[in-house]
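Colleague: Sharing input_9.cif here; it has mmCIF, C-alpha atoms.
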```
data_target
#
loop_
_atom_site.group_PDB
_atom_site.id
_atom_site.type_symbol
_atom_site.label_atom_id
_atom_site.label_comp_id
_atom_site.auth_asym_id
_atom_site.auth_seq_id
_atom_site.Cartn_x
_atom_site.Cartn_y
_atom_site.Cartn_z
ATOM 1 C CA GLY A 1 -35.700 -5.123 43.077
ATOM 2 C CA HIS A 2 -35.004 -4.772 39.413
ATOM 3 C CA ASP A 3 -33.746 -7.644 37.291
ATOM 4 C CA TRP A 4 -30.462 -6.486 35.819
ATOM 5 C CA PHE A 5 -29.056 -7.923 32.640
ATOM 6 C CA ARG A 6 -25.836 -7.536 30.714
ATOM 7 C CA LEU A 7 -25.398 -7.547 26.949
ATOM 8 C CA VAL A 8 -22.652 -9.868 25.752
ATOM 9 C CA ASP A 9 -21.014 -9.150 22.424
ATOM 10 C CA ARG A 10 -20.458 -12.502 20.717
ATOM 11 C CA THR A 11 -19.307 -11.034 17.430
ATOM 12 C CA ILE A 12 -16.095 -12.622 16.198
ATOM 13 C CA ARG A 13 -13.440 -10.044 16.982
ATOM 14 C CA ASN A 14 -11.747 -10.573 13.652
ATOM 15 C CA PHE A 15 -14.979 -9.685 11.812
ATOM 16 C CA LYS A 16 -14.529 -5.988 12.519
ATOM 17 C CA LYS A 17 -10.745 -6.005 12.342
ATOM 18 C CA ARG A 18 -10.327 -8.045 9.166
ATOM 19 C CA ALA A 19 -7.805 -6.598 6.733
ATOM 20 C CA PRO A 20 -6.511 -7.610 3.288
ATOM 21 C CA LEU A 21 -3.522 -9.889 2.909
ATOM 22 C CA ASP A 22 -0.270 -7.982 2.373
ATOM 23 C CA ARG A 23 2.513 -9.754 0.458
ATOM 24 C CA THR A 24 4.958 -6.842 0.653
ATOM 25 C CA GLY A 25 8.364 -7.970 1.880
ATOM 26 C CA ALA A 26 7.431 -11.665 2.146
ATOM 27 C CA LEU A 27 10.165 -14.231 1.428
ATOM 28 C CA GLU A 28 8.884 -16.747 -1.103
ATOM 29 C CA GLY A 29 8.933 -20.516 -1.380
ATOM 30 C CA GLU A 30 8.801 -22.489 -4.612
ATOM 31 C CA ARG A 31 5.760 -22.602 -6.862
ATOM 32 C CA PRO A 32 4.442 -26.023 -7.933
ATOM 33 C CA GLN A 33 4.982 -27.058 -11.514
ATOM 34 C CA LEU A 34 2.032 -26.263 -13.733
ATOM 35 C CA LEU A 35 0.071 -29.158 -15.139
ATOM 36 C CA SER A 36 0.189 -27.508 -18.540
ATOM 37 C CA GLY A 37 2.334 -24.704 -19.886
ATOM 38 C CA GLU A 38 0.211 -24.022 -22.957
ATOM 39 C CA TRP A 39 -3.116 -22.200 -22.925
ATOM 40 C CA ALA A 40 -5.642 -22.043 -25.750
ATOM 41 C CA SER A 41 -6.624 -18.493 -24.822
ATOM 42 C CA THR A 42 -4.772 -16.370 -22.313
ATOM 43 C CA VAL A 43 -6.624 -14.077 -19.915
ATOM 44 C CA GLY A 44 -5.372 -10.596 -19.086
ATOM 45 C CA LEU A 45 -4.254 -9.773 -15.567
ATOM 46 C CA PHE A 46 -6.772 -6.956 -14.971
ATOM 47 C CA PRO A 47 -4.949 -5.802 -11.791
ATOM 48 C CA LEU A 48 -6.837 -3.885 -9.140
ATOM 49 C CA PRO A 49 -6.498 -0.180 -10.042
ATOM 50 C CA GLY A 50 -4.584 2.118 -7.709
ATOM 51 C CA GLU A 51 -7.672 4.052 -6.623
ATOM 52 C CA PHE A 52 -9.150 0.797 -5.308
ATOM 53 C CA MET A 53 -5.884 -0.598 -3.932
ATOM 54 C CA ARG A 54 -5.312 2.508 -1.834
ATOM 55 C CA LEU A 55 -8.499 1.747 0.083
ATOM 56 C CA THR A 56 -6.998 -1.432 1.548
ATOM 57 C CA SER A 57 -5.386 0.704 4.258
ATOM 58 C CA LEU A 58 -8.845 1.461 5.712
ATOM 59 C CA ASP A 59 -10.903 -0.689 8.036
ATOM 60 C CA VAL A 60 -13.647 -2.658 6.315
ATOM 61 C CA TYR A 61 -16.541 -0.274 7.006
ATOM 62 C CA ALA A 62 -14.587 2.835 6.053
ATOM 63 C CA MET A 63 -13.512 1.018 2.884
ATOM 64 C CA GLN A 64 -17.121 0.286 1.939
ATOM 65 C CA ASP A 65 -18.106 3.942 2.380
ATOM 66 C CA ALA A 66 -15.079 5.036 0.364
ATOM 67 C CA VAL A 67 -15.965 2.643 -2.472
ATOM 68 C CA ARG A 68 -19.492 4.064 -2.683
ATOM 69 C CA LYS A 69 -18.086 7.577 -2.993
ATOM 70 C CA LEU A 70 -15.454 6.448 -5.487
ATOM 71 C CA LEU A 71 -18.050 4.851 -7.760
ATOM 72 C CA SER A 72 -20.789 7.471 -7.515
ATOM 73 C CA GLU A 73 -18.911 10.739 -7.022
ATOM 74 C CA THR A 74 -15.398 10.320 -8.413
ATOM 75 C CA MET A 75 -16.163 7.931 -11.279
ATOM 76 C CA GLY A 76 -19.758 9.050 -11.833
ATOM 77 C CA LEU A 77 -21.031 5.466 -12.018
ATOM 78 C CA THR A 78 -24.450 4.605 -10.584
ATOM 79 C CA PRO A 79 -26.910 1.840 -11.548
ATOM 80 C CA LYS A 80 -29.439 4.364 -12.862
ATOM 81 C CA GLY A 81 -26.769 6.235 -14.780
ATOM 82 C CA ILE A 82 -25.572 3.361 -16.975
ATOM 83 C CA THR A 83 -25.405 4.261 -20.654
ATOM 84 C CA GLN A 84 -24.172 2.467 -23.730
ATOM 85 C CA SER A 85 -20.902 4.392 -23.544
ATOM 86 C CA ASN A 86 -20.106 3.685 -19.889
ATOM 87 C CA SER A 87 -21.662 0.236 -19.352
ATOM 88 C CA ALA A 88 -18.325 -1.594 -19.755
ATOM 89 C CA LYS A 89 -16.576 0.828 -17.411
ATOM 90 C CA TYR A 90 -19.352 0.317 -14.859
ATOM 91 C CA GLN A 91 -19.118 -3.492 -15.031
ATOM 92 C CA HIS A 92 -15.325 -3.392 -14.592
ATOM 93 C CA ALA A 93 -15.673 -1.052 -11.603
ATOM 94 C CA VAL A 94 -18.259 -3.310 -9.952
ATOM 95 C CA LEU A 95 -15.926 -6.292 -10.361
ATOM 96 C CA PHE A 96 -13.041 -4.348 -8.834
ATOM 97 C CA ALA A 97 -15.267 -3.336 -5.890
ATOM 98 C CA GLU A 98 -16.252 -6.986 -5.432
ATOM 99 C CA GLU A 99 -12.612 -8.068 -5.462
ATOM 100 C CA LEU A 100 -11.759 -5.451 -2.858
ATOM 101 C CA GLN A 101 -14.479 -6.788 -0.559
ATOM 102 C CA MET A 102 -13.241 -10.330 -1.135
ATOM 103 C CA LYS A 103 -9.780 -9.273 0.025
ATOM 104 C CA TYR A 104 -11.270 -8.339 3.379
ATOM 105 C CA ASP A 105 -13.662 -11.284 3.694
ATOM 106 C CA ILE A 106 -11.000 -13.942 3.121
ATOM 107 C CA SER A 107 -9.209 -12.765 6.266
ATOM 108 C CA LEU A 108 -12.084 -14.168 8.338
ATOM 109 C CA TYR A 109 -10.357 -17.515 7.826
ATOM 110 C CA ASP A 110 -6.981 -16.424 9.209
ATOM 111 C CA VAL A 111 -5.486 -19.148 11.380
ATOM 112 C CA GLU A 112 -3.337 -18.688 14.474
ATOM 113 C CA LEU A 113 -1.083 -21.647 15.297
ATOM 114 C CA GLN A 114 0.842 -22.271 18.512
ATOM 115 C CA ASP A 115 2.734 -25.408 17.471
ATOM 116 C CA PRO A 116 5.599 -25.949 15.007
ATOM 117 C CA LEU A 117 4.568 -26.981 11.494
ATOM 118 C CA GLU A 118 5.116 -30.564 10.438
ATOM 119 C CA PHE A 119 7.834 -30.817 7.806
ATOM 120 C CA ALA A 120 8.445 -33.633 5.321
ATOM 121 C CA ARG A 121 9.798 -33.904 1.763
ATOM 122 C CA GLY A 122 10.484 -30.196 1.580
ATOM 123 C CA LEU A 123 6.929 -29.140 2.445
ATOM 124 C CA HIS A 124 5.394 -27.712 5.618
ATOM 125 C CA THR A 125 1.919 -28.848 6.662
ATOM 126 C CA ILE A 126 -0.523 -26.153 7.779
ATOM 127 C CA PRO A 127 -3.801 -27.261 9.428
ATOM 128 C CA VAL A 128 -6.815 -25.475 7.915
ATOM 129 C CA PRO A 129 -10.124 -25.937 9.770
ATOM 130 C CA GLY A 130 -13.042 -25.952 7.352
ATOM 131 C CA LEU A 131 -10.950 -26.819 4.303
ATOM 132 C CA ALA A 132 -13.178 -29.771 3.400
ATOM 133 C CA GLU A 133 -16.175 -27.410 3.307
ATOM 134 C CA LYS A 134 -14.182 -24.933 1.176
ATOM 135 C CA ARG A 135 -14.062 -22.379 3.975
ATOM 136 C CA PRO A 136 -11.675 -21.091 2.795
ATOM 137 C CA SER A 137 -11.438 -22.475 -0.729
ATOM 138 C CA VAL A 138 -7.798 -23.313 -1.439
ATOM 139 C CA LEU A 139 -6.397 -24.691 -4.701
ATOM 140 C CA ARG A 140 -3.044 -26.078 -5.726
ATOM 141 C CA GLY A 141 -0.802 -23.172 -6.684
ATOM 142 C CA ASP A 142 -2.551 -20.668 -4.398
ATOM 143 C CA ASP A 143 -0.381 -18.725 -1.978
ATOM 144 C CA VAL A 144 -0.624 -18.177 1.773
ATOM 145 C CA ILE A 145 1.208 -15.751 4.012
ATOM 146 C CA VAL A 146 2.795 -17.010 7.215
ATOM 147 C CA GLU A 147 3.703 -14.300 9.725
ATOM 148 C CA CYS A 148 5.815 -14.943 12.811
ATOM 149 C CA ARG A 149 8.467 -13.281 14.944
ATOM 150 C CA THR A 150 11.172 -14.112 12.403
ATOM 151 C CA GLY A 151 9.415 -12.391 9.505
ATOM 152 C CA LYS A 152 6.819 -12.751 6.768
ATOM 153 C CA PHE A 153 6.834 -15.711 4.394
ATOM 154 C CA ARG A 154 4.866 -16.468 1.257
ATOM 155 C CA GLY A 155 4.169 -20.145 0.752
ATOM 156 C CA PHE A 156 2.695 -21.893 -2.279
ATOM 157 C CA VAL A 157 0.268 -24.785 -1.994
ATOM 158 C CA HIS A 158 1.607 -28.035 -3.462
ATOM 159 C CA GLU A 159 -0.787 -30.570 -1.948
ATOM 160 C CA LEU A 160 -4.308 -30.479 -0.524
ATOM 161 C CA MET A 161 -5.371 -32.819 2.263
ATOM 162 C CA ARG A 162 -8.734 -33.140 3.999
ATOM 163 C CA ASP A 163 -8.033 -30.591 6.731
ATOM 164 C CA SER A 164 -4.561 -29.311 5.917
ATOM 165 C CA ILE A 165 -2.389 -28.001 3.105
ATOM 166 C CA LYS A 166 1.241 -28.705 2.267
ATOM 167 C CA VAL A 167 3.137 -25.617 1.210
ATOM 168 C CA SER A 168 6.611 -24.705 0.085
ATOM 169 C CA LEU A 169 8.082 -21.978 2.287
ATOM 170 C CA TYR A 170 11.309 -20.010 2.066
ATOM 171 C CA ALA A 171 14.334 -22.313 2.189
ATOM 172 C CA HIS A 172 15.635 -20.746 5.419
ATOM 173 C CA PHE A 173 12.249 -20.489 7.147
ATOM 174 C CA ARG A 174 12.656 -20.956 10.895
ATOM 175 C CA ASN A 175 9.850 -23.135 12.215
ATOM 176 C CA VAL A 176 9.334 -21.172 15.446
ATOM 177 C CA PRO A 177 5.703 -20.536 16.538
ATOM 178 C CA PRO A 178 3.400 -18.782 17.064
ATOM 179 C CA PHE A 179 2.249 -18.301 13.460
ATOM 180 C CA ARG A 180 -0.520 -16.331 11.823
ATOM 181 C CA VAL A 181 -1.611 -17.784 8.487
ATOM 182 C CA LYS A 182 -3.406 -15.567 5.964
ATOM 183 C CA PHE A 183 -5.159 -16.860 2.868
ATOM 184 C CA SER A 184 -5.654 -15.436 -0.613
ATOM 185 C CA PHE A 185 -8.112 -16.347 -3.345
ATOM 186 C CA ASN A 186 -7.758 -17.284 -6.990
ATOM 187 C CA ARG A 187 -8.329 -14.277 -9.267
ATOM 188 C CA THR A 188 -8.880 -16.326 -12.427
ATOM 189 C CA PRO A 189 -12.724 -16.226 -12.266
ATOM 190 C CA LEU A 190 -12.629 -12.444 -11.815
ATOM 191 C CA ARG A 191 -10.174 -12.061 -14.689
ATOM 192 C CA CYS A 192 -12.449 -14.135 -16.923
ATOM 193 C CA MET A 193 -15.370 -11.877 -16.009
ATOM 194 C CA HIS A 194 -13.355 -8.799 -16.935
ATOM 195 C CA ARG A 195 -12.464 -10.370 -20.268
ATOM 196 C CA ALA A 196 -16.133 -11.215 -20.860
ATOM 197 C CA VAL A 197 -17.019 -7.554 -20.305
ATOM 198 C CA ASP A 198 -14.449 -6.469 -22.897
ATOM 199 C CA GLU A 199 -15.509 -9.104 -25.424
ATOM 200 C CA PHE A 200 -19.259 -8.601 -25.089
ATOM 201 C CA ARG A 201 -20.451 -7.152 -28.378
ATOM 202 C CA GLU A 202 -24.079 -6.382 -27.540
ATOM 203 C CA SER A 203 -25.326 -3.439 -25.497
ATOM 204 C CA LEU A 204 -27.025 -4.194 -22.197
ATOM 205 C CA VAL A 205 -28.787 -0.838 -22.051
ATOM 206 C CA THR A 206 -30.539 -0.577 -25.433
ATOM 207 C CA GLY A 207 -33.660 -2.287 -24.137
ATOM 208 C CA GLY A 208 -33.719 -4.779 -26.998
ATOM 209 C CA GLU A 209 -34.729 -8.398 -26.642
ATOM 210 C CA ILE A 210 -32.052 -10.847 -25.627
ATOM 211 C CA THR A 211 -31.729 -13.809 -27.958
ATOM 212 C CA LEU A 212 -32.743 -16.998 -26.178
ATOM 213 C CA PRO A 213 -31.637 -20.521 -27.082
ATOM 214 C CA ARG A 214 -34.042 -22.574 -29.138
ATOM 215 C CA ARG A 215 -36.415 -24.718 -27.220
ATOM 216 C CA GLN A 216 -35.205 -28.293 -27.141
ATOM 217 C CA ARG A 217 -37.266 -31.319 -26.326
ATOM 218 C CA HIS A 218 -35.958 -33.656 -23.650
ATOM 219 C CA SER A 219 -37.051 -37.262 -23.604
ATOM 220 C CA ARG A 220 -37.145 -37.373 -19.788
ATOM 221 C CA LEU A 221 -39.408 -34.332 -19.382
ATOM 222 C CA ASN A 222 -43.144 -34.284 -19.870
ATOM 223 C CA GLU A 223 -44.915 -31.486 -21.721
ATOM 224 C CA GLU A 224 -45.764 -29.574 -18.532
ATOM 225 C CA GLN A 225 -42.145 -29.643 -17.364
ATOM 226 C CA ARG A 226 -40.897 -28.444 -20.753
ATOM 227 C CA ASP A 227 -43.396 -25.560 -20.740
ATOM 228 C CA PHE A 228 -42.260 -24.539 -17.237
ATOM 229 C CA LEU A 229 -38.567 -24.479 -18.222
ATOM 230 C CA SER A 230 -39.354 -22.519 -21.395
ATOM 231 C CA THR A 231 -41.331 -19.899 -19.459
ATOM 232 C CA ALA A 232 -38.614 -19.607 -16.779
ATOM 233 C CA ALA A 233 -35.944 -19.071 -19.463
ATOM 234 C CA GLN A 234 -37.986 -16.319 -21.110
ATOM 235 C CA LEU A 235 -38.611 -14.537 -17.792
ATOM 236 C CA GLN A 236 -34.925 -14.790 -16.887
ATOM 237 C CA GLY A 237 -33.948 -13.258 -20.206
ATOM 238 C CA ARG A 238 -36.244 -10.309 -19.476
ATOM 239 C CA GLY A 239 -34.764 -9.812 -15.997
ATOM 240 C CA ARG A 240 -37.884 -10.872 -14.096
ATOM 241 C CA VAL A 241 -36.353 -13.770 -12.186
#
```
Kindly transcribe the structure held in the file into structure tokens.
Modeller:
Amino acid sequence: GHDWFRLVDRTIRNFKKRAPLDRTGALEGERPQLLSGEWASTVGLFPLPGEFMRLTSLDVYAMQDAVRKLLSETMGLTPKGITQSNSAKYQHAVLFAEELQMKYDISLYDVELQDPLEFARGLHTIPVPGLAEKRPSVLRGDDVIVECRTGKFRGFVHELMRDSIKVSLYAHFRNVPPFRVKFSFNRTPLRCMHRAVDEFRESLVTGGEITLPRRQRHSRLNEEQRDFLSTAAQLQGRGRV
């Protein structure tokens, strides 16, 4: 007879069904006090534009197709079509597309809990597998969404442990499982990139040489090592590595 076999789909179910975190209607806890209230240079918010935000209602693959059409057809932005006049607009759009994808990817770390959360000193403890390996990466002040039968709650991270976080939840939060915990990510690096795009004074599309730092001698490197680093820096500046 014939040897029959059966294909087994081992794909994580959440991989295809991942969806961005939604804070709408969530009851909030208390934010931790900032370590410093003064900033040498503030960074703009650079919120995700509406045309990108509207795509969060789609599943991840439909979203990716819609982003391609938005960039190439609606906005007229393609890698080969970058000019001096639209280069900044293109870089901002690419960053917004990256942020949109990040909103979906972070949901791969959603946690489902069947037990009540530990509570002490006004904070609830949420176990987070993979926290030590930064999967997901969580920082003090970040927010998480806790969904349960009694509603949706937005908690703020006050303390980080090895494999758990301590968050402040809504004062009248009812600790009744099961819970679904959704994570966010810190937008500060993206905001800094947007600001860098706005503050960049040189054109990236003129074809001119990029100014490289002066070669510096290092007492711990021999001549061959210094030559290698110098060559690598020059190639990188020309876009060859």
Colleague: Separation of CA of His92 in chain A and CA of Arg191 in chain A, in Å?
Modeller: 10.1 Å
Colleague: How close does range 14-101 of chain A get to range 112-128 of chain A? List, as CSV, each residue of range 14-101 of chain A within 12 Å, its nearest atom pair and the distance in Å to one decimal, counting all atoms listed in the file.
Modeller:
```
residue,atom,partner,partner_atom,distance
A:Asn14,CA,A:Glu112,CA,11.7
A:Gly29,CA,A:Leu123,CA,9.6
A:Glu30,CA,A:Leu123,CA,9.9
A:Arg31,CA,A:Leu123,CA,11.4
A:Pro32,CA,A:Leu123,CA,11.1
```
Colleague: Apply the PyMOL selection byres ((chain A and resi 28) around 10) to the file shown and report the selected residues as a list in words.
Modeller: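 Applying the PyMOL selection byres ((chain A and resi 28) around 10) to the structure shown produces Arg23, Gly25, Ala26, Leu27, Gly29, Glu30, Arg31, Asp143, Ile145, Lys152, Phe153, Arg154, Gly155, Phe156, Ser168, Leu169, Tyr170, Ala171 and Phe173 of chain A.
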Colleague: State, in Å with one decimal place, the distance from CA of Lys103 in chain A to CA of Arg68 in chain A.
Modeller: 16.7 Å
Colleague: So how far away is CA of Ser87 in chain A from CA of Thr231 in chain A, in Å?
Modeller: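 CA of Thr231 in chain A sits 28.1 Å away from CA of Ser87 in chain A.
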Colleague: For Leu45 in chain A, which residue out of A:Arg135, A:His172, A:Lys80, A:His194 is the nearest one, using all atoms listed in the file?
Modeller: A:His194
Colleague: Compute the distance from (-3.0, -17.2, 0.9) to each atom, counting only C-alpha atoms, keep the residues with any atom at most 10 Å away, and return them as a PyMOL selection string; use the coordinates of the file.
Modeller: chain A and resi 21-23+106-107+110+136+138-139+141-146+154-157+181-186
Colleague: Given the choices A:Ala88, A:Leu34, A:Leu108, A:Val94, which gets closest to Pro20 in chain A if the distance is worked out from all atoms listed in the file?
Modeller: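 Of A:Ala88, A:Leu34, A:Leu108, A:Val94, the one nearest Pro20 in chain A, counting all atoms listed in the file, is A:Leu108.
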Colleague: Have a look at A:Leu160, A:Cys192, A:Val60, A:Ala232 and name the one nearest to Thr42 in chain A; count only C-alpha atoms.
Modeller: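 Ranking A:Leu160, A:Cys192, A:Val60, A:Ala232 by distance to Thr42 in chain A, first place goes to A:Cys192.
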Colleague: Can you work out which one of A:Tyr90, A:Val167, A:Gly151, A:Arg180 has the shortest atom-to-atom distance to Thr24 in chain A, counting all atoms listed in the file?
Modeller: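 Using all atoms listed in the file, Thr24 in chain A sits closest to A:Gly151.
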Colleague: Kindly indicate which residue among A:Glu99, A:Gln33, A:Tyr109, A:Ser57 lies nearest to Leu190 in chain A, using only C-alpha atoms for the distances.
Modeller: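 Of the candidates, the smallest distance to Leu190 in chain A is held by A:Glu99.
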Colleague: Using all atoms listed in the file for the distances, tell me which of A:Lys134, A:Lys89, A:Arg18, A:Lys166 is nearest to Asp59 in chain A.
Modeller: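 Going through A:Lys134, A:Lys89, A:Arg18, A:Lys166 one by one, the smallest distance to Asp59 in chain A is for A:Arg18.
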Colleague: Report, as lines of an AutoDock Vina configuration file, the centre and edge lengths in Å (one decimal) of the axis-aligned box enclosing every listed atom of range 160-164 of chain A, padded by 8 Å on each side.
Modeller:
```
center_x = -6.5
center_y = -31.2
center_z = 3.1
size_x = 20.4
size_y = 19.8
size_z = 23.3
```
Colleague: Where does the PyMOL selection byres ((chain A and resi 66) around 12) land in this file, that is, which residues does it pick, as a ChimeraX atom specification?
Modeller: /A:51-65,67-74,97,100-101
